>>> print(open('target_18.csv').read())   # CSV, C-alpha atoms
chain,number,residue,atom,x,y,z
G,134,MET,CA,0.0,0.0,0.0
G,135,LYS,CA,1.8,3.1,-1.3
G,136,SER,CA,0.5,5.5,1.4
G,137,THR,CA,2.5,3.6,4.0
G,138,ASP,CA,5.9,4.1,2.4
G,139,ALA,CA,6.8,6.7,5.0
G,140,CYS,CA,6.4,4.4,8.0
G,141,GLN,CA,8.6,1.5,9.2
G,142,ALA,CA,5.7,-0.8,10.0
G,143,ALA,CA,1.9,-0.8,10.0
G,144,GLY,CA,-1.1,-3.0,10.3
G,145,VAL,CA,-4.9,-3.1,10.1
G,146,PHE,CA,-6.9,-5.6,12.3
G,147,THR,CA,-10.5,-6.3,13.1
G,148,LEU,CA,-11.6,-6.4,16.7
G,149,PRO,CA,-12.0,-8.3,18.8
G,150,ASP,CA,-10.7,-11.3,16.8
G,151,ARG,CA,-7.5,-9.5,15.6
G,152,ARG,CA,-7.9,-10.7,12.0
G,153,MET,CA,-5.2,-9.0,10.0
G,154,LEU,CA,-6.6,-7.2,6.9
G,155,TRP,CA,-3.3,-5.8,5.8
G,156,GLY,CA,0.2,-5.5,7.3
G,157,LYS,CA,3.7,-4.3,6.8
G,158,LYS,CA,6.6,-5.7,8.9
G,159,VAL,CA,4.1,-6.6,11.6
G,160,GLU,CA,6.4,-8.9,13.4
G,161,SER,CA,9.5,-6.7,13.4
G,162,ALA,CA,10.4,-4.9,16.6
G,163,TYR,CA,10.8,-1.1,16.6
G,164,PRO,CA,11.1,1.6,19.3
G,165,MET,CA,7.6,2.4,20.4
G,166,ALA,CA,7.9,5.5,22.6
G,167,SER,CA,4.7,6.2,24.6
G,168,LEU,CA,2.9,3.3,23.1
G,169,THR,CA,4.6,1.8,26.2
G,170,LYS,CA,1.9,3.3,28.3
G,171,MET,CA,-0.6,0.8,27.0
G,172,MET,CA,1.2,-2.0,28.9
G,173,THR,CA,1.4,0.2,32.0
G,174,ALA,CA,-2.4,0.7,31.8
G,175,LEU,CA,-3.0,-3.0,31.2
G,176,LEU,CA,-1.1,-3.9,34.3
G,177,VAL,CA,-3.0,-1.4,36.3
G,178,MET,CA,-6.4,-2.7,35.1
G,179,GLU,CA,-5.4,-6.3,35.6
G,180,GLU,CA,-4.3,-5.6,39.2
G,181,ILE,CA,-7.6,-4.0,39.9
G,182,GLN,CA,-9.5,-6.9,38.3
G,183,TYR,CA,-7.5,-9.9,39.4
G,184,GLY,CA,-4.9,-8.8,42.0
G,185,ASN,CA,-5.0,-9.3,45.8
G,186,SER,CA,-3.7,-5.8,46.7
G,187,GLY,CA,-7.2,-4.3,47.0
G,188,ILE,CA,-6.4,-1.5,44.6
G,189,THR,CA,-9.3,0.2,42.9
G,190,LEU,CA,-9.7,3.2,40.6
G,191,GLN,CA,-10.3,5.4,43.6
G,192,THR,CA,-7.3,4.3,45.6
G,193,PRO,CA,-5.2,7.4,46.5
G,194,VAL,CA,-1.6,7.5,45.4
G,195,ARG,CA,0.9,9.9,47.0
G,196,VAL,CA,3.3,11.6,44.6
G,197,SER,CA,6.9,10.4,45.1
G,198,LYS,CA,10.0,12.5,44.7
G,199,ASN,CA,11.3,10.2,42.0
G,200,ALA,CA,8.2,10.7,39.9
G,201,THR,CA,8.6,14.5,40.0
G,202,ARG,CA,12.0,14.0,38.2
G,203,ILE,CA,10.4,12.5,35.1
G,204,GLY,CA,10.2,15.1,32.4
G,205,THR,CA,9.1,15.9,28.8
G,206,ARG,CA,5.3,15.5,28.7
G,207,GLN,CA,4.2,15.7,32.3
G,208,VAL,CA,1.7,17.4,34.7
G,209,TRP,CA,4.4,18.7,37.0
G,210,LEU,CA,3.6,16.5,40.0
G,211,ASP,CA,4.3,17.8,43.4
G,212,PRO,CA,5.3,15.5,46.4
G,213,ARG,CA,2.6,17.3,48.5
G,214,GLU,CA,-0.1,16.0,46.1
G,215,THR,CA,-2.2,12.9,46.1
G,216,PHE,CA,-4.2,11.6,43.1
G,217,THR,CA,-6.5,8.6,42.6
G,218,VAL,CA,-5.4,5.7,40.3
G,219,ASP,CA,-8.2,6.9,37.9
G,220,GLU,CA,-6.8,10.4,37.8
G,221,LEU,CA,-3.3,9.1,37.0
G,222,LEU,CA,-4.7,6.9,34.3
G,223,LYS,CA,-6.5,10.0,32.9
G,224,CYS,CA,-3.2,11.9,32.7
G,225,ILE,CA,-1.4,8.9,31.1
G,226,LEU,CA,-4.1,8.1,28.5
G,227,ILE,CA,-5.1,11.7,27.5
G,228,ARG,CA,-1.9,13.8,27.9
G,229,SER,CA,0.6,10.9,27.8
G,230,ALA,CA,2.1,12.2,31.1
G,231,ASN,CA,5.4,10.5,31.7
G,232,ASP,CA,5.6,11.4,35.4
G,233,CYS,CA,2.2,9.8,36.1
G,234,ALA,CA,3.2,6.6,34.3
G,235,PHE,CA,6.3,6.4,36.4
G,236,LEU,CA,4.3,7.0,39.6
G,237,LEU,CA,1.6,4.5,38.8
G,238,GLY,CA,4.2,1.8,38.0
G,239,GLU,CA,6.2,2.6,41.1
G,240,PHE,CA,3.0,2.4,43.2
G,241,LEU,CA,1.8,-0.9,41.8
G,242,ALA,CA,5.2,-2.5,42.5
G,243,GLY,CA,5.3,-1.4,46.1
G,244,GLY,CA,7.6,1.7,45.5
G,245,SER,CA,10.1,0.2,43.0
G,246,HIS,CA,9.9,1.3,39.4
G,247,ASP,CA,12.5,-1.3,38.5
G,248,ASP,CA,10.3,-4.0,39.9
G,249,PHE,CA,7.4,-2.7,37.8
G,250,VAL,CA,9.5,-2.9,34.7
G,251,LYS,CA,10.2,-6.6,35.5
G,252,GLN,CA,6.5,-7.1,35.8
G,253,MET,CA,5.9,-5.5,32.4
G,254,ASN,CA,8.4,-7.8,30.7
G,255,SER,CA,7.1,-10.9,32.6
G,256,ARG,CA,3.5,-10.1,31.7
G,257,ALA,CA,4.5,-9.6,28.0
G,258,ARG,CA,6.0,-13.1,28.0
G,259,GLN,CA,3.0,-14.6,29.7
G,260,LEU,CA,0.8,-13.1,27.0
G,261,GLY,CA,3.1,-14.7,24.4
G,262,CYS,CA,4.4,-11.3,23.2
G,263,ARG,CA,8.1,-12.0,22.5
G,264,ARG,CA,9.0,-8.8,20.7
G,265,PHE,CA,8.2,-6.4,23.6
G,266,VAL,CA,11.2,-5.2,25.6
G,267,PHE,CA,10.6,-2.6,28.4
G,268,TYR,CA,13.1,-0.5,30.2
G,269,ASN,CA,10.6,1.9,31.9
G,270,ALA,CA,6.9,2.5,32.3
G,271,HIS,CA,6.6,5.6,30.1
G,272,GLY,CA,8.6,5.1,26.9
G,273,LEU,CA,11.3,7.8,27.1
G,274,PRO,CA,14.9,6.9,26.2
G,275,HIS,CA,16.3,5.0,29.2
G,276,GLY,CA,19.6,5.7,30.9
G,277,ARG,CA,22.8,7.0,29.5
G,278,GLU,CA,22.6,4.6,26.6
G,279,GLY,CA,19.2,5.9,25.6
G,280,LEU,CA,17.7,2.5,25.4
G,281,GLU,CA,14.3,2.4,23.9
G,282,ASN,CA,11.3,0.2,24.7
G,283,GLN,CA,10.5,-2.0,21.7
G,284,GLY,CA,7.4,-3.6,20.3
G,285,CYS,CA,5.9,-4.8,17.1
G,286,VAL,CA,2.6,-4.1,15.3
G,287,LEU,CA,1.2,-7.6,15.8
G,288,GLU,CA,1.7,-7.6,19.6
G,289,LEU,CA,0.4,-4.0,19.9
G,290,ALA,CA,-2.8,-5.1,18.2
G,291,TYR,CA,-3.1,-7.8,20.9
G,292,LEU,CA,-2.5,-5.2,23.6
G,293,ALA,CA,-5.2,-2.9,22.1
G,294,GLU,CA,-7.7,-5.8,22.0
G,295,ARG,CA,-7.1,-6.5,25.7
G,296,LEU,CA,-7.4,-2.8,26.7
G,297,TRP,CA,-10.6,-2.5,24.7
G,298,GLN,CA,-12.2,-4.7,27.3
G,299,TYR,CA,-11.8,-2.0,30.1
G,300,PRO,CA,-14.3,0.8,30.0
G,301,ALA,CA,-12.1,2.9,32.3
G,302,VAL,CA,-9.4,2.8,29.7
G,303,MET,CA,-11.6,3.4,26.7
G,304,LYS,CA,-13.3,6.4,28.5
G,305,TRP,CA,-10.0,8.3,28.7
G,306,THR,CA,-8.5,7.3,25.4
G,307,ALA,CA,-11.7,8.6,23.7
G,308,THR,CA,-11.5,11.9,25.6
G,309,TRP,CA,-10.2,15.0,23.8
G,310,GLN,CA,-10.0,17.3,26.8
G,311,GLU,CA,-10.2,17.0,30.6
G,312,TYR,CA,-8.8,18.5,33.8
G,313,ILE,CA,-7.1,17.6,37.0
G,314,ARG,CA,-6.7,19.8,40.1
G,315,GLU,CA,-10.2,21.0,39.2
G,316,ASN,CA,-10.9,22.2,42.8
G,317,THR,CA,-7.7,24.2,43.2
G,318,GLN,CA,-6.6,27.6,42.2
G,319,LYS,CA,-4.7,26.2,39.3
G,320,PRO,CA,-6.8,23.7,37.3
G,321,PHE,CA,-4.6,21.8,34.8
G,322,GLN,CA,-6.0,21.1,31.3
G,323,LEU,CA,-5.3,17.8,29.7
G,324,ASP,CA,-5.4,17.8,25.9
G,325,SER,CA,-5.3,14.5,24.0
G,326,THR,CA,-2.2,13.8,21.9
G,327,ASN,CA,-4.5,11.8,19.5
G,328,ARG,CA,-5.8,14.2,16.8
G,329,LEU,CA,-7.6,11.4,15.0
G,330,LEU,CA,-10.3,11.7,17.7
G,331,ARG,CA,-11.3,14.9,15.9
G,332,THR,CA,-10.4,14.2,12.4
G,333,CYS,CA,-11.5,10.6,11.7
G,334,PRO,CA,-15.1,9.5,12.3
G,335,GLY,CA,-15.4,6.6,14.7
G,336,VAL,CA,-12.0,6.8,16.2
G,337,ASN,CA,-12.2,6.3,20.0
G,338,GLY,CA,-8.6,5.7,21.1
G,339,MET,CA,-6.0,4.6,21.8
G,340,LYS,CA,-2.4,6.0,22.1
G,341,THR,CA,0.3,8.0,20.3
G,342,GLY,CA,4.0,8.0,20.8
G,343,MET,CA,7.1,9.8,19.7
G,344,THR,CA,10.9,9.8,20.3
G,345,ASP,CA,13.7,10.6,17.9
G,346,LYS,CA,14.5,6.9,17.5
G,347,ALA,CA,10.8,5.7,17.4
G,348,GLY,CA,9.6,8.5,15.2
G,349,TYR,CA,5.9,9.1,15.3
G,350,CYS,CA,3.7,6.2,16.2
G,351,VAL,CA,0.0,5.6,16.8
G,352,VAL,CA,-2.4,2.8,17.8
G,353,ALA,CA,-5.9,4.0,16.7
G,354,THR,CA,-9.1,2.1,17.5
G,355,CYS,CA,-12.2,2.8,15.5
G,356,GLU,CA,-15.8,1.7,15.7
G,357,ARG,CA,-18.4,2.2,13.0
G,358,GLU,CA,-21.6,0.4,12.0
G,359,GLN,CA,-19.7,-2.2,10.0
G,360,GLY,CA,-17.5,-3.2,13.0
G,361,ARG,CA,-14.4,-2.4,14.9
G,362,VAL,CA,-10.8,-2.1,13.7
G,363,VAL,CA,-7.4,-1.1,15.2
G,364,VAL,CA,-4.8,0.5,13.0
G,365,ILE,CA,-1.2,0.7,14.0
G,366,VAL,CA,1.5,2.9,12.4
G,367,MET,CA,5.1,2.9,13.6
G,368,GLY,CA,8.3,4.8,12.7
G,369,VAL,CA,7.3,7.9,10.7
G,370,LYS,CA,10.4,10.1,10.8
G,371,GLY,CA,11.2,13.6,9.9
G,372,ARG,CA,9.7,17.0,10.0
G,373,GLY,CA,5.9,17.0,9.9
G,374,GLY,CA,6.0,13.3,10.8
G,375,ASP,CA,3.0,13.6,13.1
G,376,LYS,CA,0.8,14.8,10.3
G,377,VAL,CA,2.1,12.1,8.0
G,378,ARG,CA,1.5,9.4,10.7
G,379,ASP,CA,-2.1,10.6,11.1
G,380,ASP,CA,-2.7,10.7,7.3
G,381,ILE,CA,-1.5,7.1,7.0
G,382,ALA,CA,-3.7,6.0,9.9
G,383,ARG,CA,-6.7,7.8,8.5
G,384,GLN,CA,-6.2,6.3,5.0
G,385,LEU,CA,-5.8,2.8,6.5
G,386,ILE,CA,-9.0,3.2,8.5
G,387,GLU,CA,-11.0,4.4,5.5
G,388,TRP,CA,-9.6,1.5,3.5
G,389,ALA,CA,-10.6,-1.0,6.2
G,390,TYR,CA,-14.2,0.1,5.9
G,391,THR,CA,-14.5,0.4,2.1
G,392,SER,CA,-12.2,-2.3,0.7
G,393,GLN,CA,-13.7,-5.6,-0.3
G,394,THR,CA,-11.1,-7.3,1.9
G,395,GLY,CA,-11.9,-5.1,4.9
G,396,VAL,CA,-14.8,-5.1,7.4
G,397,ALA,CA,-17.4,-3.7,5.0
G,398,PRO,CA,-20.3,-6.2,4.4
>>> encode(input="target_18.csv", output="structure tokens")
Amino acid sequence: MKSTDACQAAGVFTLPDRRMLWGKKVESAYPMASLTKMMTALLVMEEIQYGNSGITLQTPVRVSKNATRIGTRQVWLDPRETFTVDELLKCILIRSANDCAFLLGEFLAGGSHDDFVKQMNSRARQLGCRRFVFYNAHGLPHGREGLENQGCVLELAYLAERLWQYPAVMKWTATWQEYIRENTQKPFQLDSTNRLLRTCPGVNGMKTGMTDKAGYCVVATCEREQGRVVVIVMGVKGRGGDKVRDDIARQLIEWAYTSQTGVAP
């Protein structure tokens, strides 16, 4: 498909059965930047549903000093603050807040971000996802070497299908704008990083990502009368790459609903 020449990998899948309609290098691993936060969110939801810690969406989480040191996209956490698990998920899934992803991971693992990363890698293997490699909960380059979390299109589709089952996740990935600190003197506006929510009919999630090595990436879920699809685009590099990424994703979504090989009846 010529429109995908500018990306390293891409795929179109039906949901919930993950039938691949079209793919490009779907099993090759590439840096995935903030798409990482999909696994962070999955572990949070699975702990709420199956874990024995007693954590709920309303469980309060005190901000740690370590979390305040995580930069780039953030909400400027303060150690004097406390947020609920749901509020932190909101920050992660709408704004792609790195500090909140770190904090949630640290909290789930009893105060150790490193232990949470071990859980991420362990859970990936349990799910049969062999291409995922995680160094942190947020997707920024890790350490002095700038190591990047890795993933492939095929396994990201699997992750999207599992997250689709959680209304709390889909609520926030479908939200264009929200707030935290609403009842303070400085309410903080959260704007979605996913412009497809406004530019492509039916899109209701899920996550974008970008680092220099990863380029611009997106996992976009869409639901129309004909059915549900997830489109994944990875590795769009260069100036204006975010627009190119969105154009590719939009074209793949439209193709999925109009092609004879797509989901159209």
>>> closest_atom_pairs(input="target_18.csv", of="region 292-333 of chain G", to="region 146-159 of chain G", cutoff="12 Å", atoms="all atoms listed in the file", output="Markdown table")
| residue | atom | partner | partner_atom | distance |
| --- | --- | --- | --- | --- |
| G:Leu292 | CA | G:Arg151 | CA | 10.4 |
| G:Ala293 | CA | G:Leu148 | CA | 9.1 |
| G:Glu294 | CA | G:Pro149 | CA | 5.9 |
| G:Arg295 | CA | G:Pro149 | CA | 8.7 |
| G:Leu296 | CA | G:Pro149 | CA | 10.7 |
| G:Trp297 | CA | G:Pro149 | CA | 8.4 |
| G:Gln298 | CA | G:Pro149 | CA | 9.2 |
>>> closest_atom_pairs(input="target_18.csv", of="region 175-272 of chain G", to="region 335-349 of chain G", cutoff="9 Å", atoms="all atoms listed in the file", output="CSV")
residue,atom,partner,partner_atom,distance
G:Leu226,CA,G:Lys340,CA,6.9
G:Ile227,CA,G:Lys340,CA,8.3
G:Ser229,CA,G:Thr341,CA,8.0
G:Gly272,CA,G:Gly342,CA,8.2
>>> closest_residue(input="target_18.csv", among="G:Glu281, G:Phe240, G:Lys223, G:Asp380", to="Thr308 (chain G)", atoms="only C-alpha atoms")
G:Lys223
>>> closest_residue(input="target_18.csv", among="G:Leu176, G:Gln191, G:Ile181, G:Leu210", to="Lys251 (chain G)", atoms="all atoms listed in the file")
G:Leu176
>>> residues_near_point(input="target_18.csv", point="(-9.8, 18.4, 28.5)", cutoff="10 Å", atoms="only C-alpha atoms", output="list in words")
Ile227, Arg228, Thr308, Trp309, Gln310, Glu311, Tyr312, Ile313, Phe321, Gln322, Leu323, Asp324 and Ser325 of chain G
>>> atom_distance(input="target_18.csv", atom1="CA of Gly360 (chain G)", atom2="CA of Leu287 (chain G)")
19.4 Å
>>> closest_residue(input="target_18.csv", among="G:Glu288, G:Arg264, G:Tyr390, G:Glu356", to="Ala307 (chain G)", atoms="all atoms listed in the file")
G:Glu356
>>> atom_distance(input="target_18.csv", atom1="CA of Met171 (chain G)", atom2="CA of Thr205 (chain G)")
18.0 Å
